[in-house]
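Participant: The structure that follows is given in the form of structure tokens.
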Amino acid sequence: MSHARVTRVLVAAASATALLAMAACSSTATPSTSTAAGDCAAYTQYGDLTGKTVSLFTSIASDSEAKPHIDSYKPFEKCTGATIKYEGSRDFEAQLPVRVKAGNAPDLAYIPQPGLLATLVTENPGKVFPAGDLASKNVDTYYQAAWKGYGSVDGKFYAVPVGANVKSFVWYSPKAFSDKGYTVPATWDELMALSDKIVADNPNSDVKPWCAGIESGGATGWPATDWIEDLMLRVNGADVYDQWVNHTVPFNDPKVVAAIDKAGTILKDPKYVNGGFGGVKTIATTPFAEAGAPILDGNCFMHRQASFYQANWATFDKKATVGPDGDIWAFYLPSMTADSKPVLGGGEFAAAFSDRPEVQAFQAYLASPEWSNAKADATPNGGWLSANNKLDVNKLTMPVDKLSYQILSDEKAVFRFDGSDLMPSKVGAGSFWKEMTNWIALDKSSQDVADAIEKSWPAK
């Protein structure tokens, strides 16, 4: 998803209220040798930053969502003496490029998509600074190589990863599966066999194997792009996925059409969808935030959506529990074989617009195990995840966050970033959304959809 879509999703998934722009800063401290957050030995590498201030700009504007971030900076402030000035705005995407061009950029900003990072770097020469040596070393040490790649532009490393999410999930009811004798599928063929079994068990019924929804206001269609991205990884592999995202493989290549068709074996089959809502075309008008609700009342059995969807279940039923033995849980969207494990996901990156020593130090801190664990401690209600391999999984309070981390940390996992976030915005946040909506609502063919998106790709 583009940054605007990420913001919409997180706000909807968390049922956030009263979005407001805010600025908060902690008081200047003097460096200490110990802190309530732990010993300061790990912080000596940053030096004495007493009296220094680092400004940080993000899209996280609500008080409740900003507080865990602000709290996670306190160990750095206490141990180095620096002050972190936090600012969040729901107009982040519009404001940041303007501020950069005007020479009024923050010291650091959280950027939720590599595409925006690339735009900022290419359109503002010399205004986005490469990450320092310590930040680069931390990412090399504590993250899979793909994450450094997503924070790089033209081979130069700019932005450290600060958050992650896993999108390759299918939500279901463990109790419903147990009652029916269903087991979690390990391969795509097993997933389709399970879907067929659910159809056979519910003849002449509105109960369906799957429920889905892609309506999201001006961003309608984006949930369907996630389906296509997941299937591109599963049908064609990571190398072809990369070539598709980079447009080395055209959007209307037969490999891409095959992946769209594979997604259509579920989303466009009236036997399989849309439990609780109606037929195939209702997917286009069903709000994505509400699309999984029929699982709780037994009208559908499975819903493909990302890890951040965990917060939505409480909006359907405040008593609903999420976990392996709860009312709702999730399993990894199977690949074609049990031995392969492609993982679609997303994340945020911290880019710097200053190379002052205190800015480089704070950027390095954000890539460190100390920050990832401090952030986990500061997020007792869950809903946040890092791909840092030294994150203590026991600090993650939500079962889905733990499951996501296990998937990201699996040696077999091949992680790829949300493809539409990496494509030109005219495609990733434009024709791809629109044509996926047409694919559902107008029953447009996979080939015609792919041809239309390919035609929209900007000429170099």
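Simple scheme: letters A, B, ... for chains in structure tokens order, numbers from 1 for residues in each chain, numbers from 1 for ligands in the order shown.
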Need the shell around range 285-295 of chain A: protein/DNA/RNA residues with any atom at most 8 Å away, counting only C-alpha atoms. Skip same-chain ones fewer than 2 positions apart. Format as JSON, numbers by chain?
Facilitator: {"A": [12, 13, 171, 172, 173, 211, 212, 213, 214, 215, 216, 223, 275, 276, 277, 281, 282, 283, 297, 298, 299, 300, 301, 302, 303, 309, 312, 313, 316]}
Participant: Do a neighbour search on Pro324 in chain A at 10 Å with only C-alpha atoms, toss out local chain neighbours closer than 4 positions, and write the hits as a PyMOL selection string.
Facilitator: chain A and resi 173-175+328-331+399-400
Participant: Write the residues of the preceding selection, restricted to C-alpha atoms, as a PDB file, in the first residue's frame.
Facilitator:
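That gives us out38.pdb:
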ATOM      1  CA  SER A 173     -12.191 -19.653  13.737  1.00  0.00           C
ATOM      2  CA  PRO A 174     -10.322 -22.504  15.481  1.00  0.00           C
ATOM      3  CA  LYS A 175     -13.585 -23.646  17.081  1.00  0.00           C
ATOM      4  CA  ILE A 328     -10.344 -16.118  15.943  1.00  0.00           C
ATOM      5  CA  TRP A 329      -6.856 -16.960  14.797  1.00  0.00           C
ATOM      6  CA  ALA A 330      -4.714 -16.869  11.666  1.00  0.00           C
ATOM      7  CA  PHE A 331      -2.604 -19.249   9.626  1.00  0.00           C
ATOM      8  CA  PRO A 399      -0.318 -13.726  19.742  1.00  0.00           C
ATOM      9  CA  VAL A 400      -0.505 -12.539  16.137  1.00  0.00           C
TER      10      VAL A 400
END
Participant: Please give the complete set of residues from range 111-182 of chain A that DSSP, run on the backbone, assigns to alpha helix (DSSP H), formatted as a ChimeraX atom specification.
Facilitator: /A:114-123,133-142,145-150,174-180
Participant: Kindly save the residues from that selection, with C-alpha atoms included, as a CSV table (one decimal), in the first residue's frame.
Facilitator:
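Everything below was put into part.csv:
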chain,number,residue,atom,x,y,z
A,114,PRO,CA,10.1,2.6,-0.3
A,115,GLY,CA,8.4,4.3,-3.2
A,116,LEU,CA,8.1,7.6,-1.3
A,117,LEU,CA,11.7,7.3,-0.1
A,118,ALA,CA,12.8,7.0,-3.7
A,119,THR,CA,10.8,10.0,-4.8
A,120,LEU,CA,12.1,12.1,-2.0
A,121,VAL,CA,15.7,11.2,-2.8
A,122,THR,CA,15.5,11.6,-6.6
A,123,GLU,CA,13.4,14.8,-6.5
A,133,ASP,CA,28.1,3.9,9.4
A,134,LEU,CA,26.7,2.8,12.8
A,135,ALA,CA,23.1,2.7,11.4
A,136,SER,CA,24.3,0.7,8.4
A,137,LYS,CA,26.2,-1.7,10.6
A,138,ASN,CA,23.1,-2.3,12.8
A,139,VAL,CA,21.0,-3.1,9.8
A,140,ASP,CA,23.6,-5.5,8.4
A,141,THR,CA,23.8,-7.2,11.8
A,142,TYR,CA,20.2,-7.4,12.9
A,145,ALA,CA,19.4,-8.2,3.7
A,146,ALA,CA,16.1,-7.4,1.9
A,147,TRP,CA,15.3,-4.8,4.5
A,148,LYS,CA,18.5,-2.8,3.7
A,149,GLY,CA,17.5,-3.0,0.1
A,150,TYR,CA,14.1,-1.5,0.7
A,174,PRO,CA,-10.3,-22.5,15.5
A,175,LYS,CA,-13.6,-23.6,17.1
A,176,ALA,CA,-15.4,-23.7,13.7
A,177,PHE,CA,-12.6,-25.7,12.2
A,178,SER,CA,-12.5,-28.1,15.1
A,179,ASP,CA,-16.3,-28.6,15.1
A,180,LYS,CA,-16.2,-29.5,11.4
Participant: Could you check the closest approach to Asn274 in chain A for each of A:Thr315, A:Ser205, A:Thr220, A:Ser456 and tell me which residue wins, using only C-alpha atoms?
Facilitator: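 Answer, going by the shortest atom-to-atom distance: A:Ser205.
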Participant: Looking at only C-alpha atoms, which of A:Gly279, A:Gly126, A:Gly132, A:Gly88 is the one that sits closest to Lys67 in chain A?
Facilitator: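 Ranking A:Gly279, A:Gly126, A:Gly132, A:Gly88 by distance to Lys67 in chain A, first place goes to A:Gly88.
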Participant: So, with only C-alpha atoms as the atoms that count, which of A:Thr437, A:Pro254, A:Phe129, A:Trp384 lies closest to Phe157 in chain A?
Facilitator: A:Phe129
Participant: A:Val359, A:Ala352, A:Val257, A:Val427: which is nearest Ser445 in chain A, counting only C-alpha atoms?
Facilitator: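 Smallest separation from Ser445 in chain A among the options: A:Val257.
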Participant: Which is closest to Pro68 in chain A among A:Tyr86, A:Phe349, A:Asp317, A:Asp355, if we use only C-alpha atoms?
Facilitator: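 Under the stated criterion, the closest residue is A:Tyr86.
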Participant: Please return as a PyMOL selection string: the residues of range 40-284 of chain A that backbone DSSP assigns to strand (DSSP E or B).
Facilitator: chain A and resi 53-58+83-88+108-111+129+152-153+156-157+160-166+169-172+208-210+215-216+218
Participant: Which residues come within 7 Å of Leu49 in chain A, counting only C-alpha atoms, excluding same-chain residues fewer than 6 positions away, as an MDAnalysis selection string?
Facilitator: chainID A and resid 80:82 358
Participant: Store the residues picked out above, limited to N, CA and C atoms, as a PDB file, in the first residue's frame.
Facilitator:
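Result written to again-v9.pdb:
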ATOM      1  N   THR A  80      21.807   9.416  26.778  1.00  0.00           N
ATOM      2  CA  THR A  80      22.666  10.287  25.961  1.00  0.00           C
ATOM      3  C   THR A  80      22.508  11.757  26.301  1.00  0.00           C
ATOM      4  N   GLY A  81      21.384  12.126  26.938  1.00  0.00           N
ATOM      5  CA  GLY A  81      21.125  13.528  27.234  1.00  0.00           C
ATOM      6  C   GLY A  81      20.413  14.255  26.118  1.00  0.00           C
ATOM      7  N   ALA A  82      20.135  13.572  25.019  1.00  0.00           N
ATOM      8  CA  ALA A  82      19.454  14.214  23.893  1.00  0.00           C
ATOM      9  C   ALA A  82      17.962  14.357  24.160  1.00  0.00           C
ATOM     10  N   GLU A 358      24.068  13.917  16.267  1.00  0.00           N
ATOM     11  CA  GLU A 358      22.952  13.441  17.095  1.00  0.00           C
ATOM     12  C   GLU A 358      21.860  12.794  16.254  1.00  0.00           C
TER      13      GLU A 358
END
Participant: Using Å and a single decimal, report how far CA of Tyr272 in chain A sits from CA of Pro209 in chain A.
Facilitator: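 Going from CA of Pro209 in chain A over to CA of Tyr272 in chain A covers 5.3 Å.
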Participant: With a distance cut-off of 7 Å and only C-alpha atoms, select the neighbouring residues of Ala350 in chain A, excluding the residue or stretch itself and same-chain residues fewer than 3 positions from it, and output the selection as a tab-separated table (two decimals) with N, CA and C atoms, in the first residue's frame.
Facilitator:
chain	number	residue	atom	x	y	z
A	108	LEU	N	14.44	13.70	11.03
A	108	LEU	CA	14.13	12.33	10.63
A	108	LEU	C	12.64	12.21	10.37
A	109	ALA	N	12.26	11.27	9.51
A	109	ALA	CA	10.85	11.01	9.27
A	109	ALA	C	10.66	9.52	9.08
A	110	TYR	N	9.52	9.01	9.56
A	110	TYR	CA	9.14	7.62	9.34
A	110	TYR	C	8.42	7.54	8.00
A	111	ILE	N	8.97	6.78	7.08
A	111	ILE	CA	8.41	6.69	5.74
A	111	ILE	C	7.85	5.28	5.53
A	159	ALA	N	17.61	4.66	4.66
A	159	ALA	CA	16.58	4.60	5.71
A	159	ALA	C	16.59	3.26	6.43
A	160	VAL	N	16.59	3.31	7.75
A	160	VAL	CA	16.61	2.09	8.56
A	160	VAL	C	15.19	1.60	8.81
A	161	PRO	N	14.97	0.28	8.85
A	161	PRO	CA	13.63	-0.24	9.14
A	161	PRO	C	13.25	-0.02	10.60
A	162	VAL	N	12.01	0.41	10.82
A	162	VAL	CA	11.55	0.64	12.19
A	162	VAL	C	10.27	-0.11	12.53
A	363	GLN	N	19.24	7.73	14.53
A	363	GLN	CA	18.89	6.81	13.44
A	363	GLN	C	19.50	5.43	13.69
Participant: List the spatial neighbours of range 385-390 of chain A as a list in words - criterion: any atom at most 9 Å away, only C-alpha atoms, same-chain residues fewer than 6 positions off excluded.
Facilitator: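 Final neighbour list, sorted by chain and number: Val139, Thr141, Tyr142, Tyr143, Gln144, Trp147, Pro161, Val162, Gly163, Ala164, Asn165, Gly347, Ala367, Ser368, Pro369, Glu370, Ser372, Asn373, Lys375, Ala376, Leu396, Asp401, Lys402, Ser404, Tyr405, Leu408 and Ser409 of chain A.
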Participant: For the residues in that selection, give me C-alpha atoms as a short mmCIF file (atom, residue, chain, number, x, y, z; two decimals), in the first residue's frame.
Facilitator:
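That gives us out09.cif:
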data_model
loop_
_atom_site.label_atom_id
_atom_site.label_comp_id
_atom_site.auth_asym_id
_atom_site.auth_seq_id
_atom_site.Cartn_x
_atom_site.Cartn_y
_atom_site.Cartn_z
CA VAL A 139 20.95 -3.12 9.81
CA THR A 141 23.82 -7.23 11.76
CA TYR A 142 20.22 -7.40 12.92
CA TYR A 143 18.08 -7.55 9.74
CA GLN A 144 17.71 -9.76 6.71
CA TRP A 147 15.32 -4.77 4.54
CA PRO A 161 13.63 -0.24 9.14
CA VAL A 162 11.55 0.64 12.19
CA GLY A 163 8.43 -1.48 11.84
CA ALA A 164 7.13 -4.51 10.00
CA ASN A 165 3.92 -6.34 9.25
CA GLY A 347 6.96 -1.74 7.06
CA ALA A 367 18.03 0.10 14.07
CA SER A 368 19.34 -1.35 17.32
CA PRO A 369 18.05 -4.22 19.48
CA GLU A 370 17.77 -1.72 22.35
CA SER A 372 13.19 -2.66 19.17
CA ASN A 373 12.91 -4.09 22.67
CA LYS A 375 9.39 -0.25 21.63
CA ALA A 376 7.96 -3.67 22.45
CA LEU A 396 5.33 -9.16 22.17
CA ASP A 401 2.55 -10.33 16.63
CA LYS A 402 4.43 -13.36 17.95
CA SER A 404 4.28 -12.75 12.58
CA TYR A 405 7.75 -12.56 14.12
CA LEU A 408 9.63 -13.34 9.51
CA SER A 409 12.40 -15.10 11.45
#
Participant: Name the closest residue to Trp210 in chain A among the candidates A:Leu422, A:Leu267, A:Ala186, A:Val256; distances are taken between atoms, counting only C-alpha atoms.
Facilitator: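 Ranked by minimum distance to Trp210 in chain A, first place goes to A:Leu267.
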